[in-house]
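Next comes my_file.cif, a file with mmCIF, C-alpha atoms and all ligand atoms.
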data_start
#
loop_
_atom_site.label_atom_id
_atom_site.label_comp_id
_atom_site.auth_asym_id
_atom_site.auth_seq_id
_atom_site.Cartn_x
_atom_site.Cartn_y
_atom_site.Cartn_z
CA MET P 1 -2.99 19.43 -10.52
CA HIS P 2 -1.33 16.11 -10.06
CA ARG P 3 -3.09 13.13 -11.56
CA PRO P 4 -1.51 9.81 -10.74
CA ASN P 5 -1.64 7.26 -13.46
CA ASN P 6 -1.93 3.54 -13.46
CA VAL P 7 -1.76 3.33 -9.73
CA LEU P 8 -2.27 0.15 -7.80
CA GLY P 9 -2.78 -0.16 -4.10
CA LYS P 10 -0.50 -2.36 -2.05
CA GLY P 11 -1.55 -5.94 -1.37
CA TYR P 12 -4.52 -7.42 -3.11
CA LYS P 13 -7.34 -8.91 -1.17
CA THR P 14 -9.62 -11.37 -2.83
CA GLY P 15 -12.49 -13.54 -1.79
CA VAL P 16 -10.48 -16.67 -2.37
CA PRO P 17 -6.87 -17.23 -1.36
CA PRO P 18 -4.23 -17.36 -4.10
CA VAL P 19 -3.74 -20.76 -5.63
CA THR P 20 -0.74 -22.19 -3.86
CA GLY P 21 1.37 -25.19 -4.62
CA MET P 22 0.93 -24.67 -8.33
CA SER P 23 2.90 -22.87 -10.97
CA PRO P 24 1.86 -19.20 -11.07
CA VAL P 25 -0.95 -18.50 -13.49
CA SER P 26 0.39 -16.30 -16.23
CA CYS P 27 -2.96 -15.81 -17.91
CA GLY P 28 -4.58 -12.53 -16.88
CA PHE P 29 -8.17 -13.72 -17.33
CA PHE P 30 -7.87 -16.45 -14.72
CA ASP P 31 -5.70 -14.49 -12.32
CA THR P 32 -7.36 -14.96 -8.94
CA ARG P 33 -6.49 -11.47 -7.74
CA PRO P 34 -8.86 -8.60 -8.50
CA LYS P 35 -8.15 -7.31 -11.99
CA VAL P 36 -6.91 -3.77 -12.51
CA SER P 37 -7.05 -3.63 -16.27
CA ARG P 38 -10.20 -3.73 -18.35
CA ASP P 39 -8.40 -5.99 -20.81
CA PHE P 40 -8.90 -8.93 -18.46
CA VAL P 41 -12.33 -8.04 -17.16
CA PHE P 42 -15.28 -9.80 -18.69
CA GLY P 43 -18.83 -8.49 -18.97
CA ARG P 44 -18.46 -5.36 -16.84
CA ASP P 45 -17.76 -2.72 -19.48
CA ASP P 46 -21.14 -1.08 -19.04
CA VAL P 47 -20.80 -0.99 -15.28
CA ILE P 48 -17.28 0.43 -15.41
CA ASN P 49 -18.34 3.09 -17.93
CA GLU P 50 -21.34 4.02 -15.85
CA VAL P 51 -19.33 4.26 -12.62
CA GLU P 52 -16.77 6.47 -14.37
CA ARG P 53 -19.50 8.63 -15.87
CA LEU P 54 -21.08 9.09 -12.45
CA LEU P 55 -17.76 9.99 -10.87
CA ASN P 56 -17.10 12.49 -13.63
CA SER P 57 -20.52 14.04 -13.04
CA GLY P 58 -19.81 14.59 -9.35
CA PHE P 59 -21.46 11.50 -7.85
CA TRP P 60 -19.86 9.09 -5.42
CA PRO P 61 -20.75 5.50 -6.39
CA VAL P 62 -21.16 2.79 -3.76
CA ILE P 63 -20.62 -0.65 -5.32
CA LEU P 64 -22.48 -3.34 -3.43
CA GLY P 65 -23.06 -7.03 -3.97
CA PRO P 66 -22.43 -10.59 -2.79
CA ARG P 67 -19.01 -11.97 -1.99
CA ARG P 68 -16.75 -12.76 -4.96
CA VAL P 69 -19.01 -11.06 -7.49
CA GLY P 70 -16.29 -8.67 -8.67
CA LYS P 71 -16.77 -5.46 -6.65
CA THR P 72 -13.09 -4.85 -6.00
CA THR P 73 -12.27 -5.53 -9.63
CA VAL P 74 -14.70 -2.86 -10.86
CA MET P 75 -13.35 -0.39 -8.32
CA ARG P 76 -9.72 -1.05 -9.18
CA VAL P 77 -10.25 -0.73 -12.90
CA VAL P 78 -12.01 2.60 -12.40
CA ILE P 79 -9.25 3.88 -10.12
CA ASN P 80 -6.63 2.65 -12.52
CA GLU P 81 -8.29 4.46 -15.40
CA LEU P 82 -9.16 7.72 -13.65
CA GLY P 83 -6.05 7.89 -11.50
CA GLY P 84 -6.40 7.59 -7.79
CA ILE P 85 -5.82 5.88 -4.51
CA TYR P 86 -7.12 2.44 -3.56
CA ILE P 87 -7.51 1.55 0.09
CA ASP P 88 -8.79 -1.79 1.34
CA VAL P 89 -9.98 -1.11 4.85
CA SER P 90 -10.87 -4.71 5.72
CA THR P 91 -7.87 -4.93 8.04
CA ILE P 92 -7.79 -1.30 9.15
CA MET P 93 -8.89 -0.23 12.58
CA GLY P 94 -10.82 3.03 12.67
CA LEU P 95 -10.07 6.44 11.25
CA LYS P 96 -6.50 6.49 12.53
CA GLY P 97 -5.73 3.42 10.47
CA LEU P 98 -7.43 4.98 7.47
CA GLY P 99 -5.39 8.16 7.89
CA LEU P 100 -2.13 6.25 8.08
CA ARG P 101 -2.93 4.27 4.95
CA LEU P 102 -3.91 7.43 3.13
CA ILE P 103 -0.61 9.10 4.00
CA ASP P 104 1.28 5.96 2.95
CA GLU P 105 -0.47 5.91 -0.41
CA VAL P 106 0.11 9.62 -1.03
CA LYS P 107 3.80 9.02 -0.38
CA ARG P 108 3.96 5.86 -2.46
CA LEU P 109 2.24 7.42 -5.43
CA ASN P 110 4.29 10.57 -5.14
CA ILE P 111 1.27 12.83 -5.08
CA ARG P 112 2.50 16.34 -4.45
CA VAL P 113 0.94 18.04 -1.43
CA LYS P 114 2.04 21.12 0.48
CA LEU P 115 2.18 19.25 3.76
CA ASN P 116 4.86 17.54 5.76
CA LEU P 117 3.72 13.92 5.55
CA ALA P 118 6.16 12.71 8.20
CA MET P 119 4.69 15.24 10.63
CA LEU P 120 1.17 14.13 9.75
CA GLN P 121 2.12 10.54 10.50
CA LEU P 122 3.33 11.55 13.94
CA ASP P 123 0.29 13.66 14.61
CA ILE P 124 -2.38 11.25 13.46
CA GLU P 125 -2.49 9.44 16.77
CA ARG P 126 -3.62 12.64 18.52
CA ARG P 127 -5.85 14.29 15.95
CA PRO P 128 -6.91 11.81 13.26
CA MET P 129 -9.88 13.82 11.97
CA VAL P 130 -8.00 17.10 11.61
CA ILE P 131 -5.12 15.37 9.86
CA ILE P 132 -7.25 13.47 7.37
CA GLU P 133 -9.38 16.50 6.60
CA GLY P 134 -6.27 18.62 6.06
CA LEU P 135 -4.79 16.03 3.74
CA ILE P 136 -7.98 15.66 1.74
CA ARG P 137 -8.23 19.43 1.24
CA GLU P 138 -4.71 19.37 -0.21
CA LEU P 139 -5.11 16.39 -2.49
CA GLY P 140 -6.72 18.06 -5.48
CA ASP P 141 -8.71 16.12 -8.03
CA VAL P 142 -8.01 12.55 -6.97
CA VAL P 143 -10.36 9.57 -6.77
CA ILE P 144 -10.15 7.67 -3.48
CA GLY P 145 -11.54 4.13 -3.47
CA ILE P 146 -12.47 2.72 -0.08
CA ASP P 147 -13.01 -1.02 -0.33
CA GLU P 148 -14.91 -3.00 2.34
CA VAL P 149 -16.09 0.30 3.74
CA GLN P 150 -18.39 -1.37 6.29
CA ASN P 151 -15.26 -2.06 8.33
CA ILE P 152 -14.53 1.56 9.17
CA ILE P 153 -17.97 2.81 9.91
CA SER P 154 -17.34 5.47 12.51
CA PRO P 155 -19.65 8.18 13.83
CA LYS P 156 -17.11 10.68 12.51
CA LEU P 157 -17.07 9.36 8.95
CA PRO P 158 -20.11 11.37 7.74
CA SER P 159 -18.59 14.63 8.88
CA LEU P 160 -15.26 13.72 7.30
CA LEU P 161 -16.96 13.02 3.99
CA SER P 162 -18.96 16.17 4.33
CA VAL P 163 -15.75 18.21 4.55
CA ALA P 164 -14.38 16.29 1.57
CA TYR P 165 -17.50 17.07 -0.42
CA ASN P 166 -17.78 20.73 0.48
CA GLU P 167 -14.17 21.74 0.74
CA SER P 168 -12.11 19.58 -1.60
CA ARG P 169 -12.04 18.22 -5.12
CA VAL P 170 -11.50 14.65 -3.98
CA ARG P 171 -14.04 12.16 -5.30
CA PHE P 172 -14.88 8.94 -3.50
CA ILE P 173 -15.91 5.51 -4.62
CA PHE P 174 -16.92 2.90 -2.06
CA SER P 175 -17.46 -0.81 -2.09
CA GLY P 176 -18.83 -3.29 0.39
CA SER P 177 -20.98 -6.33 1.02
CA LEU P 178 -23.60 -4.79 3.23
CA VAL P 179 -26.92 -3.39 2.02
CA GLY P 180 -27.08 -0.69 4.68
CA THR P 181 -23.62 0.61 3.80
CA THR P 182 -24.85 3.75 2.09
CA ARG P 183 -26.88 4.71 5.11
CA LEU P 184 -23.96 3.96 7.38
CA ILE P 185 -21.47 6.02 5.43
CA MET P 186 -23.69 9.05 5.68
CA LYS P 187 -26.56 8.98 8.04
CA SER P 188 -28.85 10.59 5.55
CA PRO P 189 -27.14 11.16 2.23
CA GLU P 190 -30.13 12.79 0.59
CA SER P 191 -30.81 15.27 3.33
CA LEU P 192 -27.16 16.25 3.46
CA GLY P 193 -27.17 16.77 -0.28
CA ARG P 194 -24.28 14.43 -0.84
CA PRO P 195 -24.15 12.48 -4.00
CA LEU P 196 -23.97 8.83 -3.00
CA ILE P 197 -25.30 6.45 -5.60
CA ARG P 198 -25.79 2.76 -4.96
CA PHE P 199 -24.63 0.34 -7.54
CA GLU P 200 -25.56 -3.31 -7.18
CA LEU P 201 -23.32 -5.81 -8.89
CA ARG P 202 -25.16 -8.99 -9.76
CA PRO P 203 -23.77 -12.45 -10.45
CA PHE P 204 -23.30 -13.31 -14.12
CA THR P 205 -26.23 -14.82 -15.96
CA ARG P 206 -25.82 -18.39 -17.09
CA GLU P 207 -24.98 -17.22 -20.62
CA GLN P 208 -22.40 -14.74 -19.35
CA SER P 209 -20.75 -17.44 -17.21
CA ILE P 210 -20.51 -19.76 -20.20
CA GLU P 211 -19.07 -16.98 -22.37
CA PHE P 212 -16.61 -16.02 -19.65
CA LEU P 213 -15.17 -19.54 -19.41
CA ARG P 214 -15.22 -20.01 -23.17
CA ILE P 215 -13.49 -16.75 -24.06
CA SER P 216 -11.04 -16.78 -21.16
CA SER P 217 -9.96 -20.37 -21.72
CA ARG P 218 -9.45 -19.65 -25.40
CA ASN P 219 -7.39 -16.56 -24.56
CA CYS P 220 -5.40 -18.52 -22.03
CA GLY P 221 -4.75 -21.29 -24.53
CA ILE P 222 -6.36 -24.03 -22.46
CA ASN P 223 -8.86 -26.52 -23.64
CA ILE P 224 -12.09 -26.73 -21.66
CA SER P 225 -14.80 -28.72 -23.40
CA ASP P 226 -18.39 -27.51 -23.71
CA ILE P 227 -19.54 -30.22 -21.33
CA GLU P 228 -16.98 -29.21 -18.73
CA ILE P 229 -17.97 -25.56 -19.08
CA GLU P 230 -21.61 -26.49 -18.67
CA ASN P 231 -20.81 -28.56 -15.63
CA ALA P 232 -18.72 -25.80 -14.00
CA VAL P 233 -21.38 -23.17 -14.71
CA ASN P 234 -24.09 -25.38 -13.19
CA GLU P 235 -22.02 -25.52 -10.04
CA PHE P 236 -20.82 -21.94 -9.61
CA ASP P 237 -24.04 -20.03 -10.10
CA GLY P 238 -22.64 -16.97 -11.86
CA ILE P 239 -20.21 -16.04 -9.10
CA VAL P 240 -17.19 -14.89 -11.09
CA GLY P 241 -14.77 -15.52 -8.20
CA TRP P 242 -15.49 -19.26 -8.26
CA LEU P 243 -15.42 -19.36 -12.07
CA THR P 244 -12.05 -17.61 -12.08
CA TYR P 245 -10.68 -19.98 -9.49
CA TYR P 246 -11.82 -22.95 -11.53
CA GLY P 247 -10.14 -21.48 -14.63
CA SER P 248 -6.99 -20.82 -12.66
CA LEU P 249 -6.86 -24.44 -11.51
CA ARG P 250 -7.43 -25.61 -15.08
CA SER P 251 -4.65 -23.39 -16.41
CA SER P 252 -2.31 -24.87 -13.82
CA GLY P 253 -2.78 -28.22 -15.56
CA LYS P 254 -5.53 -29.85 -13.53
CA SER P 255 -8.19 -31.88 -15.30
CA HIS P 256 -11.85 -30.93 -14.88
CA PRO P 257 -12.54 -33.45 -12.06
CA GLU P 258 -9.28 -32.50 -10.32
CA ALA P 259 -10.08 -28.79 -10.53
CA MET P 260 -13.62 -29.34 -9.22
CA GLU P 261 -12.29 -31.41 -6.35
CA ALA P 262 -9.50 -28.98 -5.47
CA LEU P 263 -11.85 -26.02 -5.55
CA ARG P 264 -14.33 -27.83 -3.40
CA SER P 265 -11.87 -28.29 -0.57
CA ILE P 266 -10.53 -24.73 -0.85
CA ALA P 267 -14.04 -23.30 -1.00
CA ARG P 268 -15.10 -25.28 2.05
CA GLU P 269 -12.38 -23.60 4.10
CA VAL P 270 -13.23 -20.15 2.75
CA ILE P 271 -16.93 -20.63 3.42
CA LYS P 272 -16.36 -22.11 6.84
CA ASP P 273 -14.44 -19.00 7.76
CA GLU P 274 -17.17 -16.70 6.46
CA LEU P 275 -19.95 -18.60 8.21
CA SER P 276 -18.02 -18.51 11.47
CA LYS P 277 -18.70 -14.76 11.54
CA LEU P 278 -22.46 -15.22 11.52
CA GLY P 279 -24.58 -15.13 14.65
CA ARG P 280 -26.19 -18.36 15.89
CA TYR P 281 -29.62 -17.66 14.40
CA GLU P 282 -28.24 -16.29 11.16
CA LEU P 283 -26.21 -19.45 10.74
CA VAL P 284 -29.07 -21.83 11.38
CA THR P 285 -31.30 -19.79 9.07
CA TYR P 286 -28.70 -19.92 6.33
CA ARG P 287 -28.33 -23.67 6.80
CA ALA P 288 -32.09 -24.09 6.52
CA LEU P 289 -32.33 -22.03 3.35
CA ALA P 290 -29.28 -23.76 1.87
CA THR P 291 -31.22 -27.01 2.23
CA LEU P 292 -34.38 -25.57 0.74
CA SER P 293 -32.69 -23.31 -1.89
CA ARG P 294 -35.84 -21.23 -2.28
CA ALA P 295 -38.64 -21.18 0.27
CA ARG P 296 -41.26 -19.26 2.19
CA TRP P 297 -40.56 -17.55 5.48
CA ILE P 298 -42.50 -20.14 7.46
CA GLU P 299 -40.80 -23.10 5.78
CA ILE P 300 -37.36 -21.71 6.49
CA LYS P 301 -38.34 -20.98 10.08
CA ARG P 302 -39.66 -24.48 10.66
CA LEU P 303 -36.52 -26.08 9.31
CA ALA P 304 -34.29 -23.69 11.27
CA GLU P 305 -36.16 -24.64 14.45
CA SER P 306 -35.78 -28.30 13.77
CA LEU P 307 -32.04 -27.85 13.08
CA ILE P 308 -31.49 -25.87 16.26
CA GLY P 309 -33.74 -28.13 18.33
CA HIS P 310 -36.08 -25.52 19.82
CA SER P 311 -38.55 -22.89 18.70
CA ILE P 312 -37.34 -19.45 17.64
CA ASP P 313 -39.53 -16.44 18.22
CA ASP P 314 -40.71 -14.66 15.08
CA LYS P 315 -38.83 -11.45 15.73
CA THR P 316 -35.48 -13.13 16.34
CA PHE P 317 -35.93 -15.25 13.25
CA THR P 318 -36.88 -12.29 11.04
CA THR P 319 -33.92 -10.28 12.32
CA GLY P 320 -31.55 -13.14 11.42
CA LEU P 321 -33.09 -13.55 7.98
CA LYS P 322 -32.90 -9.80 7.30
CA ALA P 323 -29.25 -9.77 8.33
CA LEU P 324 -28.57 -12.44 5.70
CA VAL P 325 -30.39 -10.36 3.09
CA ASN P 326 -28.34 -7.32 4.10
CA MET P 327 -25.14 -9.32 3.68
CA TYR P 328 -26.16 -10.34 0.15
CA MET P 329 -26.20 -14.03 1.13
CA VAL P 330 -29.94 -14.34 0.63
CA ARG P 331 -32.38 -12.43 -1.54
CA GLU P 332 -36.11 -11.94 -1.21
CA VAL P 333 -37.37 -12.97 -4.64
CA GLU P 334 -41.01 -12.27 -4.02
CA ARG P 335 -42.76 -11.02 -0.95
CA GLY P 336 -42.04 -13.58 1.77
CA ILE P 337 -40.12 -15.94 -0.53
CA TYR P 338 -36.37 -16.19 -0.17
CA GLU P 339 -33.51 -17.86 -1.98
CA VAL P 340 -29.76 -18.22 -1.52
CA ILE P 341 -27.64 -16.02 -3.80
CA ASP P 342 -24.56 -18.21 -4.14
CA GLY P 343 -25.79 -21.69 -5.02
CA TYR P 344 -22.29 -23.17 -4.79
CA MET P 345 -21.90 -21.94 -1.24
CA ALA P 346 -25.32 -23.35 -0.36
CA ARG P 347 -24.44 -26.67 -1.92
CA LEU P 348 -21.24 -27.02 0.09
CA VAL P 349 -23.13 -26.13 3.25
CA ARG P 350 -25.74 -28.75 2.37
CA GLU P 351 -23.30 -31.49 1.48
CA TYR P 352 -20.60 -30.98 4.06
CA GLY P 353 -22.41 -28.97 6.69
CA VAL P 354 -19.47 -26.55 6.76
N1 LIG G 401 -15.56 -9.20 -14.63
C1 LIG G 401 -14.56 -10.04 -14.31
N2 LIG G 401 -13.87 -10.70 -15.27
C2 LIG G 401 -12.90 -11.56 -14.94
N3 LIG G 401 -12.55 -11.87 -13.68
C3 LIG G 401 -13.20 -11.25 -12.69
C4 LIG G 401 -14.23 -10.30 -12.95
N4 LIG G 401 -14.70 -9.83 -11.78
C5 LIG G 401 -13.99 -10.47 -10.83
N5 LIG G 401 -13.10 -11.31 -11.36
C6 LIG G 401 -12.24 -12.24 -10.60
O1 LIG G 401 -13.08 -12.85 -9.62
C7 LIG G 401 -12.47 -12.88 -8.33
C8 LIG G 401 -13.29 -12.08 -7.33
O2 LIG G 401 -13.27 -10.74 -7.74
P1 LIG G 401 -13.21 -9.53 -6.71
O3 LIG G 401 -12.18 -9.77 -5.67
O4 LIG G 401 -13.13 -8.30 -7.51
O5 LIG G 401 -14.67 -9.70 -6.07
P2 LIG G 401 -15.28 -9.01 -4.78
O6 LIG G 401 -16.73 -8.89 -5.03
O7 LIG G 401 -14.53 -7.79 -4.44
O8 LIG G 401 -15.00 -10.15 -3.68
P3 LIG G 401 -15.04 -10.00 -2.09
O9 LIG G 401 -16.47 -10.02 -1.71
O10 LIG G 401 -14.31 -11.21 -1.62
O11 LIG G 401 -14.34 -8.74 -1.72
C9 LIG G 401 -11.06 -12.39 -8.56
O12 LIG G 401 -10.28 -13.53 -8.82
C10 LIG G 401 -11.15 -11.54 -9.83
O13 LIG G 401 -9.95 -11.52 -10.53
MG MG G 402 -13.58 -7.22 -2.71
#

Once you've parsed the file, please lay out its structure as structure tokens.
Amino acid sequence: MHRPNNVLGKGYKTGVPPVTGMSPVSCGFFDTRPKVSRDFVFGRDDVINEVERLLNSGFWPVILGPRRVGKTTVMRVVINELGGIYIDVSTIMGLKGLGLRLIDEVKRLNIRVKLNLAMLQLDIERRPMVIIEGLIRELGDVVIGIDEVQNIISPKLPSLLSVAYNESRVRFIFSGSLVGTTRLIMKSPESLGRPLIRFELRPFTREQSIEFLRISSRNCGINISDIEIENAVNEFDGIVGWLTYYGSLRSSGKSHPEAMEALRSIAREVIKDELSKLGRYELVTYRALATLSRARWIEIKRLAESLIGHSIDDKTFTTGLKALVNMYMVREVERGIYEVIDGYMARLVREYGV
């Protein structure tokens, strides 16, 4: 059996772009790329241990959660520790694209298989399913991490995973930002007897966020005062991606106000891009809830109607609101009461109308 060690996928993808125009950040804690080593990961030991335990007991974990909460980081650390293949499918089109990436990674990591990989590459265009299934059967005991899995939902995916489960020793770990992902990966995981387990990654608590900035800044040798930490934590609402970005800006030499300002303009662009993917009613609903922070269904609806300038029928409104919940942008805190998950995002939407 071949067990690759310390393997990293090709390019990183992160919720925020790399900090440009600054000297590279040498400190691992505030590196804005997803971490691959536990040494630089804060507050996720229990989650990583649990995900590894599940994988070792034959389950396939599905890590879900809001943007920038650290899903990719957890996945990459697990893959790094257990040995495996990481594939970010956010820019991949369909199963063919997945197959090609898989072959590339097998080659790159030098995983020995009794197959002619060059032939598979040529053949994948014609018979993607057969090729991927054949490769998976040959792979042996390898963990395959599929990140942003909602991007390759295909009607053929359940049957592919079914073959993997029944006829190979490959273990999967998935990650995504869509509540319904588990259902989409396998139409009915329970009935098919496949071992998908959902894992929801939550934002840090206030205390964890404070600890994260305190410990990381100390380890990085930069001085961030208690008041600055408090101020940053008030702003970033436990979303580790924003906290890391702030730390990265600080370690590049920016003062607290400069870092806050720089992050604000970067985050506005990032958020604008994300919101541009929402439908019209989802967007107006998000804007309404961003203004209210936490509110009842009817209050959000009224404000959404006033923002859009006409009435919205109940069903359309509810569908939009549910879509936001499914994307982990909004959570239902109590029956019929909703709140935004990322307060920083909501604040920028409120203040700049991005
Ligand atoms: N536990 C952690 N400790 C330290 N840094 C972390 C931790 N989790 C994530 N990060 C940092 O936060 C940022 C976002 O992490 P990551 O890309 O893993 O999140 P994500 O949930 O996959 O985001 P996206 O939704 O954009 O895919 C990265 O800069 C990463 O290095
Ligand atoms: Mg990610």

- [ ] For ligand LIG 401 (chain G), collect every residue having any atom at a distance of at most 8 Å from a ligand atom (counting all atoms listed in the file); output as number ranges by chain.
- [x] P: 13-16, 29-35, 40-44, 65-75, 147-148, 175-177, 212, 239-245

Task: Residue nearest Arg206 of chain P among P:Ile341, P:Val333, P:Ile227, P:Val233 (counting all atoms listed in the file) - done: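 Closest residue, counting all atoms listed in the file: P:Val233.
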
TODO: Have a look at atom CA of Gly99 of chain P and atom CA of Gly83 of chain P and let me know their distance in Å, one decimal.
DONE: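 So the two atoms, atom CA of Gly99 of chain P and atom CA of Gly83 of chain P, lie 19.4 Å apart.
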
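In terms of minimum interatomic distance to Ile222 of chain P, P:Arg250 ranks closest within P:Lys114, P:Arg250, P:Arg198, P:Lys315, counting all atoms listed in the file.
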
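Distances here use all atoms listed in the file; by that measure, the residue among P:Met345, P:Val325, P:Ile271, P:Leu307 closest to Gly238 of chain P is P:Met345.
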
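Considering only C-alpha atoms, the residue among P:Gly140, P:Gly279, P:Pro203, P:Gly221 positioned nearest to Ala323 of chain P is P:Gly279.
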
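Residue nearest Lys254 of chain P, chosen from P:Ile111, P:Val89, P:Ile144, P:Ile224 and counting all atoms listed in the file: P:Ile224.
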
Task: Residue with smallest distance to Phe59 of chain P - pool P:Pro195, P:Pro257, P:Gly84, P:Gly320, counting all atoms listed in the file - done: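 Of P:Pro195, P:Pro257, P:Gly84, P:Gly320, the one nearest Phe59 of chain P is P:Pro195, counting all atoms listed in the file.
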
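Going from atom CA of Glu305 of chain P over to atom CA of Gly343 of chain P, you cover 22.3 Å.
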
Open item on the list: Rounded to one decimal, what separation in Å do you get between atom CA of Val354 of chain P and atom CA of Val284 of chain P?
Closed with: 11.7 Å

Since the input has fewer atoms than a full residue there, write segment 310-321 of chain P out with N, CA and C atoms, as a short mmCIF file (atom, residue, chain, number, x, y, z; two decimals), in the frame of the given file.
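The resulting out.cif:
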data_model
loop_
_atom_site.label_atom_id
_atom_site.label_comp_id
_atom_site.auth_asym_id
_atom_site.auth_seq_id
_atom_site.Cartn_x
_atom_site.Cartn_y
_atom_site.Cartn_z
N HIS P 310 -35.07 -26.19 19.00
CA HIS P 310 -36.08 -25.52 19.82
C HIS P 310 -36.76 -24.45 18.98
N SER P 311 -37.85 -23.90 19.51
CA SER P 311 -38.55 -22.89 18.70
C SER P 311 -37.80 -21.55 18.77
N ILE P 312 -37.98 -20.77 17.71
CA ILE P 312 -37.34 -19.45 17.64
C ILE P 312 -38.46 -18.44 17.53
N ASP P 313 -38.40 -17.37 18.33
CA ASP P 313 -39.53 -16.44 18.22
C ASP P 313 -39.45 -15.66 16.90
N ASP P 314 -40.61 -15.25 16.42
CA ASP P 314 -40.71 -14.66 15.08
C ASP P 314 -39.74 -13.50 14.87
N LYS P 315 -39.64 -12.66 15.89
CA LYS P 315 -38.83 -11.45 15.73
C LYS P 315 -37.35 -11.81 15.57
N THR P 316 -36.89 -12.71 16.41
CA THR P 316 -35.48 -13.13 16.34
C THR P 316 -35.20 -13.75 14.98
N PHE P 317 -36.13 -14.58 14.53
CA PHE P 317 -35.93 -15.25 13.25
C PHE P 317 -35.87 -14.23 12.11
N THR P 318 -36.83 -13.30 12.11
CA THR P 318 -36.88 -12.29 11.04
C THR P 318 -35.62 -11.43 11.05
N THR P 319 -35.14 -11.09 12.24
CA THR P 319 -33.92 -10.28 12.32
C THR P 319 -32.75 -11.03 11.68
N GLY P 320 -32.65 -12.33 11.98
CA GLY P 320 -31.55 -13.14 11.42
C GLY P 320 -31.66 -13.21 9.90
N LEU P 321 -32.87 -13.42 9.42
CA LEU P 321 -33.09 -13.55 7.98
C LEU P 321 -32.76 -12.23 7.27
#
